[in-house]
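Text of upload.cif (mmCIF, C-alpha atoms and all ligand atoms) as supplied:
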data_data
loop_
_atom_site.group_PDB
_atom_site.id
_atom_site.type_symbol
_atom_site.label_atom_id
_atom_site.label_comp_id
_atom_site.auth_asym_id
_atom_site.auth_seq_id
_atom_site.Cartn_x
_atom_site.Cartn_y
_atom_site.Cartn_z
ATOM 1 C CA MET O 1470 25.957 16.938 -17.383
ATOM 2 C CA GLY O 1471 29.419 16.993 -15.805
ATOM 3 C CA LYS O 1472 32.302 14.650 -16.406
ATOM 4 C CA ASN O 1473 31.943 11.009 -17.340
ATOM 5 C CA ILE O 1474 32.113 8.948 -14.186
ATOM 6 C CA ILE O 1475 32.025 5.600 -15.992
ATOM 7 C CA GLU O 1476 34.105 5.129 -19.135
ATOM 8 C CA VAL O 1477 34.060 1.786 -20.905
ATOM 9 C CA LYS O 1478 36.133 1.041 -24.018
ATOM 10 C CA LYS O 1479 35.877 -2.199 -25.993
ATOM 11 C CA LEU O 1480 35.179 -4.243 -22.888
ATOM 12 C CA SER O 1481 34.971 -7.992 -23.509
ATOM 13 C CA LYS O 1482 34.542 -11.165 -21.515
ATOM 14 C CA LYS O 1483 35.158 -14.646 -22.819
ATOM 15 C CA PHE O 1484 34.125 -17.772 -20.929
ATOM 16 C CA LYS O 1485 36.160 -20.508 -22.605
ATOM 17 C CA ASP O 1486 35.284 -19.940 -26.276
ATOM 18 C CA PHE O 1487 31.986 -18.156 -25.587
ATOM 19 C CA LEU O 1488 32.010 -14.373 -25.902
ATOM 20 C CA ALA O 1489 29.568 -13.182 -23.195
ATOM 21 C CA VAL O 1490 30.482 -9.501 -23.605
ATOM 22 C CA ASP O 1491 31.730 -8.357 -26.989
ATOM 23 C CA GLU O 1492 33.685 -5.093 -27.155
ATOM 24 C CA ILE O 1493 31.134 -2.822 -25.517
ATOM 25 C CA SER O 1494 31.882 0.905 -25.271
ATOM 26 C CA PHE O 1495 29.880 3.607 -23.496
ATOM 27 C CA GLU O 1496 30.097 6.442 -20.990
ATOM 28 C CA VAL O 1497 27.893 7.420 -18.070
ATOM 29 C CA GLY O 1498 27.849 11.041 -16.905
ATOM 30 C CA GLN O 1499 28.174 12.003 -13.271
ATOM 31 C CA GLY O 1500 24.745 12.174 -11.660
ATOM 32 C CA GLU O 1501 23.073 10.245 -14.447
ATOM 33 C CA ILE O 1502 20.510 7.461 -13.947
ATOM 34 C CA PHE O 1503 21.579 4.907 -16.536
ATOM 35 C CA ALA O 1504 19.603 1.769 -17.401
ATOM 36 C CA PHE O 1505 21.447 -1.242 -18.805
ATOM 37 C CA LEU O 1506 18.841 -3.434 -20.481
ATOM 38 C CA GLY O 1507 18.868 -6.704 -22.349
ATOM 39 C CA PRO O 1508 17.221 -10.119 -22.563
ATOM 40 C CA ASN O 1509 18.240 -12.951 -20.206
ATOM 41 C CA GLY O 1510 21.848 -13.913 -20.804
ATOM 42 C CA ALA O 1511 22.652 -10.740 -22.762
ATOM 43 C CA GLY O 1512 25.713 -10.006 -20.627
ATOM 44 C CA LYS O 1513 24.400 -7.426 -18.138
ATOM 45 C CA SER O 1514 25.530 -9.049 -14.886
ATOM 46 C CA THR O 1515 28.840 -10.067 -16.451
ATOM 47 C CA SER O 1516 29.436 -6.436 -17.458
ATOM 48 C CA ILE O 1517 28.527 -5.150 -13.989
ATOM 49 C CA LYS O 1518 30.891 -7.679 -12.421
ATOM 50 C CA MET O 1519 33.733 -6.410 -14.608
ATOM 51 C CA LEU O 1520 32.901 -2.755 -13.911
ATOM 52 C CA THR O 1521 33.022 -3.478 -10.184
ATOM 53 C CA THR O 1522 36.276 -5.526 -10.293
ATOM 54 C CA LEU O 1523 34.581 -8.821 -9.358
ATOM 55 C CA LEU O 1524 35.433 -10.366 -12.704
ATOM 56 C CA ARG O 1525 38.551 -9.776 -14.770
ATOM 57 C CA PRO O 1526 37.889 -8.564 -18.327
ATOM 58 C CA SER O 1527 39.266 -10.518 -21.267
ATOM 59 C CA GLY O 1528 39.881 -7.226 -23.044
ATOM 60 C CA GLY O 1529 39.182 -3.508 -23.050
ATOM 61 C CA GLU O 1530 39.402 -0.650 -20.588
ATOM 62 C CA VAL O 1531 37.201 0.619 -17.779
ATOM 63 C CA LYS O 1532 37.531 3.772 -15.719
ATOM 64 C CA ILE O 1533 35.319 4.233 -12.690
ATOM 65 C CA ASN O 1534 35.373 7.692 -11.126
ATOM 66 C CA GLY O 1535 38.540 8.324 -13.131
ATOM 67 C CA PHE O 1536 40.299 5.206 -11.823
ATOM 68 C CA ASP O 1537 41.386 2.277 -13.958
ATOM 69 C CA ILE O 1538 39.750 -0.929 -12.683
ATOM 70 C CA LEU O 1539 42.943 -2.925 -13.140
ATOM 71 C CA LYS O 1540 45.480 -0.373 -11.897
ATOM 72 C CA ASN O 1541 43.572 1.380 -9.093
ATOM 73 C CA GLU O 1542 41.340 -1.308 -7.674
ATOM 74 C CA ARG O 1543 41.185 0.220 -4.169
ATOM 75 C CA ASP O 1544 40.060 3.625 -5.406
ATOM 76 C CA VAL O 1545 37.546 1.941 -7.680
ATOM 77 C CA LEU O 1546 36.171 -0.099 -4.782
ATOM 78 C CA SER O 1547 35.665 2.957 -2.596
ATOM 79 C CA SER O 1548 33.828 4.744 -5.426
ATOM 80 C CA PHE O 1549 30.761 2.535 -5.638
ATOM 81 C CA GLY O 1550 28.090 0.610 -3.767
ATOM 82 C CA ILE O 1551 26.457 -2.446 -5.269
ATOM 83 C CA VAL O 1552 23.218 -4.365 -4.974
ATOM 84 C CA PHE O 1553 23.569 -7.829 -6.491
ATOM 85 C CA GLN O 1554 21.039 -9.735 -8.555
ATOM 86 C CA ASP O 1555 21.132 -12.539 -5.969
ATOM 87 C CA PRO O 1556 20.458 -11.397 -2.390
ATOM 88 C CA SER O 1557 23.658 -11.265 -0.384
ATOM 89 C CA VAL O 1558 22.516 -10.139 3.047
ATOM 90 C CA ASP O 1559 23.393 -12.499 5.880
ATOM 91 C CA GLY O 1560 20.339 -14.274 7.287
ATOM 92 C CA GLU O 1561 22.000 -15.151 10.567
ATOM 93 C CA LEU O 1562 22.497 -11.478 11.416
ATOM 94 C CA THR O 1563 19.905 -8.858 12.271
ATOM 95 C CA ALA O 1564 19.200 -5.986 9.895
ATOM 96 C CA TYR O 1565 21.221 -3.654 12.106
ATOM 97 C CA GLU O 1566 24.162 -6.072 12.309
ATOM 98 C CA ASN O 1567 24.208 -6.513 8.535
ATOM 99 C CA MET O 1568 24.404 -2.743 8.166
ATOM 100 C CA TYR O 1569 26.985 -2.396 10.916
ATOM 101 C CA PHE O 1570 29.421 -4.951 9.524
ATOM 102 C CA HIS O 1571 29.157 -3.441 6.090
ATOM 103 C CA ALA O 1572 29.834 0.015 7.544
ATOM 104 C CA VAL O 1573 32.978 -1.273 9.243
ATOM 105 C CA LEU O 1574 34.051 -3.099 6.095
ATOM 106 C CA TYR O 1575 33.680 0.037 3.983
ATOM 107 C CA GLY O 1576 35.366 2.332 6.480
ATOM 108 C CA VAL O 1577 32.357 4.428 7.500
ATOM 109 C CA LYS O 1578 33.641 6.576 10.391
ATOM 110 C CA LYS O 1579 32.815 5.259 13.841
ATOM 111 C CA THR O 1580 31.145 8.533 14.816
ATOM 112 C CA GLU O 1581 28.877 8.424 11.764
ATOM 113 C CA ARG O 1582 27.942 4.733 11.725
ATOM 114 C CA LYS O 1583 24.992 4.712 14.074
ATOM 115 C CA LYS O 1584 23.356 7.807 12.615
ATOM 116 C CA LYS O 1585 23.857 6.697 9.027
ATOM 117 C CA ILE O 1586 22.465 3.212 9.676
ATOM 118 C CA GLN O 1587 19.519 4.684 11.552
ATOM 119 C CA SER O 1588 18.606 7.096 8.765
ATOM 120 C CA LEU O 1589 18.994 4.518 5.994
ATOM 121 C CA LEU O 1590 16.887 1.955 7.852
ATOM 122 C CA GLU O 1591 14.260 4.664 8.321
ATOM 123 C CA MET O 1592 14.389 5.449 4.629
ATOM 124 C CA VAL O 1593 13.661 1.854 3.644
ATOM 125 C CA GLU O 1594 11.120 1.523 6.474
ATOM 126 C CA LEU O 1595 12.944 -1.240 8.300
ATOM 127 C CA ILE O 1596 13.801 0.657 11.465
ATOM 128 C CA GLU O 1597 11.169 -1.196 13.471
ATOM 129 C CA LYS O 1598 12.673 -4.498 12.292
ATOM 130 C CA LYS O 1599 16.271 -3.576 12.930
ATOM 131 C CA ASP O 1600 16.794 -6.276 15.568
ATOM 132 C CA VAL O 1601 15.070 -9.071 13.637
ATOM 133 C CA LEU O 1602 17.208 -11.821 12.083
ATOM 134 C CA VAL O 1603 17.244 -11.273 8.332
ATOM 135 C CA LYS O 1604 16.377 -14.927 7.630
ATOM 136 C CA ASN O 1605 12.897 -14.042 8.891
ATOM 137 C CA PHE O 1606 12.514 -11.204 6.369
ATOM 138 C CA SER O 1607 10.394 -11.409 3.223
ATOM 139 C CA GLY O 1608 12.098 -11.088 -0.170
ATOM 140 C CA GLY O 1609 11.083 -7.439 -0.415
ATOM 141 C CA MET O 1610 12.456 -6.632 3.021
ATOM 142 C CA LYS O 1611 15.783 -8.281 2.137
ATOM 143 C CA ARG O 1612 16.008 -6.234 -1.050
ATOM 144 C CA ARG O 1613 15.256 -3.014 0.826
ATOM 145 C CA LEU O 1614 17.959 -3.869 3.337
ATOM 146 C CA GLU O 1615 20.450 -4.542 0.551
ATOM 147 C CA ILE O 1616 19.662 -1.223 -1.037
ATOM 148 C CA ALA O 1617 20.086 0.634 2.256
ATOM 149 C CA ARG O 1618 23.391 -1.187 2.695
ATOM 150 C CA GLY O 1619 24.546 -0.187 -0.795
ATOM 151 C CA PHE O 1620 24.175 3.486 0.147
ATOM 152 C CA LEU O 1621 26.053 3.253 3.466
ATOM 153 C CA HIS O 1622 29.384 4.700 2.465
ATOM 154 C CA HIS O 1623 28.278 7.659 0.314
ATOM 155 C CA PRO O 1624 29.385 6.070 -2.926
ATOM 156 C CA GLU O 1625 29.801 8.180 -6.058
ATOM 157 C CA ILE O 1626 28.097 5.436 -8.046
ATOM 158 C CA ILE O 1627 25.625 2.752 -7.139
ATOM 159 C CA PHE O 1628 25.230 -0.386 -9.252
ATOM 160 C CA LEU O 1629 21.843 -2.072 -8.956
ATOM 161 C CA ASP O 1630 21.503 -5.424 -10.710
ATOM 162 C CA GLU O 1631 17.754 -6.103 -10.911
ATOM 163 C CA PRO O 1632 17.056 -4.431 -7.555
ATOM 164 C CA THR O 1633 13.306 -4.872 -7.900
ATOM 165 C CA LEU O 1634 13.226 -8.479 -9.094
ATOM 166 C CA GLY O 1635 10.156 -10.277 -7.789
ATOM 167 C CA LEU O 1636 8.847 -7.390 -5.701
ATOM 168 C CA ASP O 1637 5.296 -6.086 -5.540
ATOM 169 C CA PRO O 1638 4.502 -2.745 -7.221
ATOM 170 C CA GLN O 1639 4.324 -0.949 -3.862
ATOM 171 C CA THR O 1640 7.830 -1.991 -2.877
ATOM 172 C CA ARG O 1641 9.179 -1.327 -6.362
ATOM 173 C CA ASN O 1642 7.813 2.190 -6.313
ATOM 174 C CA LYS O 1643 9.299 2.769 -2.875
ATOM 175 C CA ILE O 1644 12.697 1.557 -3.988
ATOM 176 C CA TRP O 1645 12.730 3.875 -6.995
ATOM 177 C CA ASP O 1646 11.625 6.744 -4.778
ATOM 178 C CA TYR O 1647 14.683 6.136 -2.538
ATOM 179 C CA VAL O 1648 16.996 5.784 -5.478
ATOM 180 C CA LYS O 1649 15.741 8.996 -7.080
ATOM 181 C CA LYS O 1650 15.986 10.815 -3.765
ATOM 182 C CA ILE O 1651 19.613 9.798 -3.279
ATOM 183 C CA ASN O 1652 20.411 10.623 -6.883
ATOM 184 C CA LYS O 1653 18.912 14.084 -6.438
ATOM 185 C CA ASN O 1654 20.140 14.898 -2.939
ATOM 186 C CA GLU O 1655 23.635 13.433 -3.127
ATOM 187 C CA GLY O 1656 24.269 13.458 -6.874
ATOM 188 C CA THR O 1657 24.931 9.710 -6.802
ATOM 189 C CA THR O 1658 25.220 8.179 -10.265
ATOM 190 C CA ILE O 1659 22.887 5.219 -10.725
ATOM 191 C CA PHE O 1660 23.675 2.283 -13.025
ATOM 192 C CA PHE O 1661 20.924 -0.319 -13.007
ATOM 193 C CA THR O 1662 19.429 -3.291 -14.795
ATOM 194 C CA THR O 1663 15.821 -4.409 -14.796
ATOM 195 C CA HIS O 1664 13.357 -6.302 -16.948
ATOM 196 C CA TYR O 1665 10.527 -3.932 -15.980
ATOM 197 C CA MET O 1666 10.410 -1.404 -18.790
ATOM 198 C CA ALA O 1667 7.895 0.859 -17.044
ATOM 199 C CA GLU O 1668 10.485 1.460 -14.304
ATOM 200 C CA VAL O 1669 12.985 2.551 -16.902
ATOM 201 C CA GLU O 1670 10.512 4.973 -18.460
ATOM 202 C CA LYS O 1671 9.926 6.494 -15.038
ATOM 203 C CA VAL O 1672 13.479 6.890 -13.807
ATOM 204 C CA ALA O 1673 16.197 6.549 -16.441
ATOM 205 C CA ASP O 1674 17.946 9.514 -18.045
ATOM 206 C CA ARG O 1675 19.514 7.214 -20.639
ATOM 207 C CA VAL O 1676 19.319 3.601 -21.678
ATOM 208 C CA ALA O 1677 21.729 1.127 -23.253
ATOM 209 C CA ILE O 1678 20.341 -2.039 -24.814
ATOM 210 C CA ILE O 1679 22.653 -5.031 -24.936
ATOM 211 C CA ASP O 1680 21.948 -8.283 -26.756
ATOM 212 C CA ASN O 1681 24.239 -11.272 -27.279
ATOM 213 C CA GLY O 1682 27.049 -9.350 -25.608
ATOM 214 C CA LYS O 1683 26.840 -6.335 -27.923
ATOM 215 C CA ILE O 1684 25.370 -2.898 -27.294
ATOM 216 C CA ILE O 1685 22.790 -2.329 -29.979
ATOM 217 C CA LYS O 1686 21.368 1.071 -28.934
ATOM 218 C CA ILE O 1687 22.125 3.875 -26.504
ATOM 219 C CA GLY O 1688 19.990 6.945 -25.930
ATOM 220 C CA THR O 1689 17.085 8.440 -24.038
ATOM 221 C CA VAL O 1690 13.837 6.483 -23.987
ATOM 222 C CA GLU O 1691 12.412 9.060 -26.369
ATOM 223 C CA GLU O 1692 15.318 8.756 -28.801
ATOM 224 C CA ILE O 1693 15.042 4.978 -28.822
ATOM 225 C CA ASN O 1694 11.280 5.064 -29.338
ATOM 226 C CA ASN O 1695 11.729 7.561 -32.169
ATOM 227 C CA LEU O 1696 14.255 5.282 -33.839
ATOM 228 C CA THR O 1697 12.003 2.235 -33.679
ATOM 229 C CA GLY O 1698 8.786 4.112 -34.355
ATOM 230 C CA LYS O 1699 7.176 2.541 -31.268
ATOM 231 C CA ASN O 1700 5.433 4.494 -28.547
ATOM 232 C CA ASN O 1701 6.728 2.671 -25.483
ATOM 233 C CA LEU O 1702 10.015 1.163 -24.398
ATOM 234 C CA GLU O 1703 8.749 -2.407 -24.119
ATOM 235 C CA ASP O 1704 7.703 -2.398 -27.779
ATOM 236 C CA SER O 1705 11.000 -0.776 -28.766
ATOM 237 C CA PHE O 1706 12.912 -3.354 -26.748
ATOM 238 C CA LEU O 1707 11.085 -6.243 -28.420
ATOM 239 C CA HIS O 1708 11.537 -4.622 -31.808
ATOM 240 C CA LEU O 1709 15.285 -4.304 -31.268
ATOM 241 C CA THR O 1710 15.967 -7.632 -29.551
ATOM 242 C CA GLY O 1711 13.405 -9.862 -31.262
ATOM 243 C CA LYS O 1712 10.625 -11.915 -29.778
ATOM 244 C CA ASN O 1713 12.392 -15.203 -29.196
ATOM 245 C CA ILE O 1714 13.089 -16.395 -25.674
ATOM 246 C CA ARG O 1715 16.789 -16.632 -24.970
ATOM 247 C CA GLU O 1716 18.295 -20.015 -24.299
ATOM 248 C CA GLU O 1717 19.816 -20.222 -20.868
ATOM 249 C CA GLY O 1718 23.503 -20.847 -21.250
ATOM 250 C CA ALA O 1719 25.554 -19.852 -24.198
ATOM 251 C CA GLU O 1720 26.040 -23.096 -25.996
ATOM 252 C CA PRO O 1721 23.128 -25.283 -26.970
ATOM 253 C CA SER O 1722 23.349 -28.513 -25.002
ATOM 254 C CA GLY O 1723 24.416 -31.676 -26.783
ATOM 255 C CA MET O 1724 20.841 -32.853 -26.839
ATOM 256 C CA MET O 1725 19.563 -29.589 -28.315
ATOM 257 C CA ARG O 1726 22.242 -29.752 -30.991
ATOM 258 C CA ARG O 1727 21.322 -33.338 -31.842
ATOM 259 C CA MET O 1728 17.625 -32.426 -32.017
ATOM 260 C CA ALA O 1729 18.402 -29.449 -34.242
ATOM 261 C CA ARG O 1730 20.149 -31.746 -36.722
ATOM 262 C CA ARG O 1731 17.055 -33.894 -37.169
HETATM 263 N N1 LIG X 1801 31.021 -17.896 -14.967
HETATM 264 C C1 LIG X 1801 30.489 -18.152 -16.157
HETATM 265 N N2 LIG X 1801 30.928 -19.179 -16.910
HETATM 266 C C2 LIG X 1801 30.409 -19.431 -18.134
HETATM 267 N N3 LIG X 1801 29.410 -18.724 -18.688
HETATM 268 C C3 LIG X 1801 28.926 -17.695 -17.980
HETATM 269 C C4 LIG X 1801 29.424 -17.353 -16.679
HETATM 270 N N4 LIG X 1801 28.736 -16.274 -16.225
HETATM 271 C C5 LIG X 1801 27.849 -15.973 -17.183
HETATM 272 N N5 LIG X 1801 27.959 -16.799 -18.232
HETATM 273 C C6 LIG X 1801 27.167 -16.754 -19.484
HETATM 274 O O1 LIG X 1801 27.337 -15.459 -20.029
HETATM 275 C C7 LIG X 1801 26.115 -14.998 -20.583
HETATM 276 C C8 LIG X 1801 25.757 -13.674 -19.940
HETATM 277 O O2 LIG X 1801 25.348 -13.896 -18.604
HETATM 278 P P1 LIG X 1801 24.865 -12.697 -17.663
HETATM 279 O O3 LIG X 1801 24.662 -13.258 -16.315
HETATM 280 O O4 LIG X 1801 25.819 -11.577 -17.817
HETATM 281 O O5 LIG X 1801 23.484 -12.316 -18.334
HETATM 282 P P2 LIG X 1801 22.415 -11.210 -17.881
HETATM 283 O O6 LIG X 1801 22.311 -10.245 -19.024
HETATM 284 O O7 LIG X 1801 22.765 -10.676 -16.558
HETATM 285 O O8 LIG X 1801 21.062 -12.078 -17.854
HETATM 286 P P3 LIG X 1801 19.803 -12.060 -16.797
HETATM 287 O O9 LIG X 1801 18.855 -11.050 -17.336
HETATM 288 O O10 LIG X 1801 19.251 -13.451 -16.966
HETATM 289 O O11 LIG X 1801 20.330 -11.773 -15.444
HETATM 290 C C9 LIG X 1801 25.095 -16.109 -20.366
HETATM 291 O O12 LIG X 1801 25.028 -16.882 -21.539
HETATM 292 C C10 LIG X 1801 25.680 -16.902 -19.220
HETATM 293 O O13 LIG X 1801 25.271 -18.244 -19.303
HETATM 294 MG MG MG X 1802 21.872 -10.732 -14.714
#
File written out as structure tokens:
Amino acid sequence: MGKNIIEVKKLSKKFKDFLAVDEISFEVGQGEIFAFLGPNGAGKSTSIKMLTTLLRPSGGEVKINGFDILKNERDVLSSFGIVFQDPSVDGELTAYENMYFHAVLYGVKKTERKKKIQSLLEMVELIEKKDVLVKNFSGGMKRRLEIARGFLHHPEIIFLDEPTLGLDPQTRNKIWDYVKKINKNEGTTIFFTTHYMAEVEKVADRVAIIDNGKIIKIGTVEEINNLTGKNNLEDSFLHLTGKNIREEGAEPSGMMRRMARR
């Protein structure tokens, strides 16, 4: 493994008096496929938003591709592509137009645009649909388009926040095939979240498990399973994070608090 392309030191995020991310520290090596796992509300998306400059940290330090997220925002921005948890492709544009505007936005050279868009749309098997308005796409097609778009500008790192949420197994397998191919062929570092543990077992080099804003384990799937004494990641995950469903929202609502007092 080469240098560390993501370096995170004591990163925190407070929303009012709720600590969503609590002094997390970790590194990701260049070319690594790194899974960031945790129950609902653990702080995964909040962390990704800070790593990608969309949200200002309350404390700590982050270097992306050697650049400080606060001091070198431009260099940070040109170092990564991102696929959000909530679809962000524009329904009123065609697949090709979505790709084209993103290419312009991210400074893909004019001479390369057409070829790059063509090959990425082929990769995600949307080339035949390139002139269809995205609002007529299925959820899986939108996701595939977002992923193709995330790879447009040859980023050093790609952040994928639940890229396979709600997709059928066929599409999920396809997406991981693309991601692995790009990781292998271009050396792109992959930082992703998912709730599908089987995906992690198939693709991740290393895993971090976050719960209640704190990282509780980092290692390979094998190392984590050895530590817990379980033979698959889902059992290890449940062992480490407990079996209770997480409450949505940090603070119990007034009604929940009143009920708890009874
Ligand atoms: N803008 C915000 N204002 C207040 N609280 C927030 C805000 N964004 C997130 N939170 C809270 O921070 C916590 C972490 O949220 P986050 O979205 O990072 O979780 P997650 O790990 O991505 O969960 P999921 O698996 O459900 O996507 C949650 O309790 C959430 O309610
Ligand atoms: Mg999330």
Could I get the residues of chain O with an atom no further than 12 Å from an atom of ligand LIG 1801 (chain X), each paired with its nearest atom pair and that distance in Å to one decimal, using all atoms listed in the file, sorted by chain and residue number, as a Markdown table?
| residue | atom | partner | partner_atom | distance |
| --- | --- | --- | --- | --- |
| O:Ser1481 | CA | X:LIG1801 | O1 | 11.2 |
| O:Lys1482 | CA | X:LIG1801 | O1 | 8.5 |
| O:Lys1483 | CA | X:LIG1801 | N3 | 8.2 |
| O:Phe1484 | CA | X:LIG1801 | C2 | 4.9 |
| O:Lys1485 | CA | X:LIG1801 | C2 | 7.4 |
| O:Asp1486 | CA | X:LIG1801 | C2 | 9.5 |
| O:Phe1487 | CA | X:LIG1801 | N3 | 7.4 |
| O:Leu1488 | CA | X:LIG1801 | O1 | 7.6 |
| O:Ala1489 | CA | X:LIG1801 | O1 | 4.5 |
| O:Val1490 | CA | X:LIG1801 | C8 | 7.3 |
| O:Asp1491 | CA | X:LIG1801 | C8 | 10.7 |
| O:Phe1505 | CA | X:LIG1801 | O6 | 9.0 |
| O:Leu1506 | CA | X:LIG1801 | O6 | 7.8 |
| O:Gly1507 | CA | X:LIG1801 | O6 | 6.0 |
| O:Pro1508 | CA | X:LIG1801 | O9 | 5.6 |
| O:Asn1509 | CA | X:LIG1801 | O10 | 3.4 |
| O:Gly1510 | CA | X:LIG1801 | O5 | 3.4 |
| O:Ala1511 | CA | X:LIG1801 | O6 | 3.8 |
| O:Gly1512 | CA | X:LIG1801 | O4 | 3.2 |
| O:Lys1513 | CA | X:LIG1801 | O6 | 3.6 |
| O:Ser1514 | CA | X:LIG1801 | O7 | 3.6 |
| O:Thr1515 | CA | X:LIG1801 | O4 | 3.6 |
| O:Ser1516 | CA | X:LIG1801 | O4 | 6.3 |
| O:Ile1517 | CA | X:LIG1801 | O4 | 8.0 |
| O:Lys1518 | CA | X:LIG1801 | O4 | 8.4 |
| O:Met1519 | CA | X:LIG1801 | O4 | 10.0 |
| O:Leu1520 | CA | X:LIG1801 | O4 | 12.0 |
| O:Leu1523 | CA | X:LIG1801 | N1 | 11.2 |
| O:Leu1524 | CA | X:LIG1801 | N1 | 9.0 |
| O:Arg1525 | CA | X:LIG1801 | N1 | 11.1 |
| O:Phe1553 | CA | X:LIG1801 | O11 | 10.3 |
| O:Gln1554 | CA | X:LIG1801 | O11 | 7.2 |
| O:Asp1555 | CA | X:LIG1801 | O11 | 9.5 |
| O:Leu1629 | CA | X:LIG1801 | O7 | 11.5 |
| O:Asp1630 | CA | X:LIG1801 | O7 | 8.0 |
| O:Glu1631 | CA | X:LIG1801 | O11 | 7.7 |
| O:Pro1632 | CA | X:LIG1801 | O11 | 11.3 |
| O:Leu1634 | CA | X:LIG1801 | O11 | 10.1 |
| O:Phe1661 | CA | X:LIG1801 | O7 | 11.1 |
| O:Thr1662 | CA | X:LIG1801 | O9 | 8.2 |
| O:Thr1663 | CA | X:LIG1801 | O9 | 7.7 |
| O:His1664 | CA | X:LIG1801 | O9 | 7.3 |
| O:Tyr1665 | CA | X:LIG1801 | O9 | 11.0 |
| O:Ile1678 | CA | X:LIG1801 | O6 | 10.2 |
| O:Ile1679 | CA | X:LIG1801 | O6 | 7.9 |
| O:Asp1680 | CA | X:LIG1801 | O6 | 8.0 |
| O:Asn1681 | CA | X:LIG1801 | C8 | 7.9 |
| O:Gly1682 | CA | X:LIG1801 | C8 | 7.2 |
| O:Lys1683 | CA | X:LIG1801 | O6 | 10.7 |
| O:Ile1684 | CA | X:LIG1801 | O6 | 11.5 |
| O:Ile1714 | CA | X:LIG1801 | O10 | 11.1 |
| O:Arg1715 | CA | X:LIG1801 | O12 | 8.9 |
| O:Glu1716 | CA | X:LIG1801 | O12 | 7.9 |
| O:Glu1717 | CA | X:LIG1801 | O13 | 6.0 |
| O:Gly1718 | CA | X:LIG1801 | O13 | 3.7 |
| O:Ala1719 | CA | X:LIG1801 | O12 | 4.0 |
| O:Glu1720 | CA | X:LIG1801 | O12 | 7.7 |
| O:Pro1721 | CA | X:LIG1801 | O12 | 10.2 |
| O:Ser1722 | CA | X:LIG1801 | O13 | 11.9 |
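Using all atoms listed in the file, the set of residues no farther than 9 Å from the position (9.9, -2.1, 0.6) comprises Val1593, Glu1594, Leu1595, Gly1609, Met1610, Lys1611, Arg1612, Arg1613, Leu1614, Leu1636, Asp1637, Gln1639, Thr1640, Arg1641, Asn1642, Lys1643 and Ile1644 of chain O.
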Dump as a short mmCIF file (atom, residue, chain, number, x, y, z; two decimals), keeping the file's coordinate frame, selection limited to C-alpha atoms:
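Wrote again_21.cif, looks like this:
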data_model
loop_
_atom_site.label_atom_id
_atom_site.label_comp_id
_atom_site.auth_asym_id
_atom_site.auth_seq_id
_atom_site.Cartn_x
_atom_site.Cartn_y
_atom_site.Cartn_z
CA VAL O 1593 13.66 1.85 3.64
CA GLU O 1594 11.12 1.52 6.47
CA LEU O 1595 12.94 -1.24 8.30
CA GLY O 1609 11.08 -7.44 -0.42
CA MET O 1610 12.46 -6.63 3.02
CA LYS O 1611 15.78 -8.28 2.14
CA ARG O 1612 16.01 -6.23 -1.05
CA ARG O 1613 15.26 -3.01 0.83
CA LEU O 1614 17.96 -3.87 3.34
CA LEU O 1636 8.85 -7.39 -5.70
CA ASP O 1637 5.30 -6.09 -5.54
CA GLN O 1639 4.32 -0.95 -3.86
CA THR O 1640 7.83 -1.99 -2.88
CA ARG O 1641 9.18 -1.33 -6.36
CA ASN O 1642 7.81 2.19 -6.31
CA LYS O 1643 9.30 2.77 -2.88
CA ILE O 1644 12.70 1.56 -3.99
#
**Message:** Taking 3 positions as the minimum chain separation for residues in the same chain, which residues sit within 8 Å of Phe1660 of chain O when counting all atoms listed in the file? Answer as a list in words.
**Reply:**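 Near Phe1660 of chain O, the qualifying residues are Ile1502, Phe1503, Ala1504, Phe1505, Ile1626, Ile1627, Phe1628 and Leu1629 of chain O.
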**Asked** In Å, with one decimal, what is the gap from atom CA of Glu1501 of chain O to atom CA of Thr1658 of chain O?
**Response** 5.1 Å
**Request:** Could you tell me which residues the PyMOL selection byres (((chain O and resi 1583) around 12) and not hetatm) grabs in this file, written as a PyMOL selection string?
**Result:** chain O and resi 1565-1566+1568-1570+1572-1573+1577-1582+1584-1590+1621
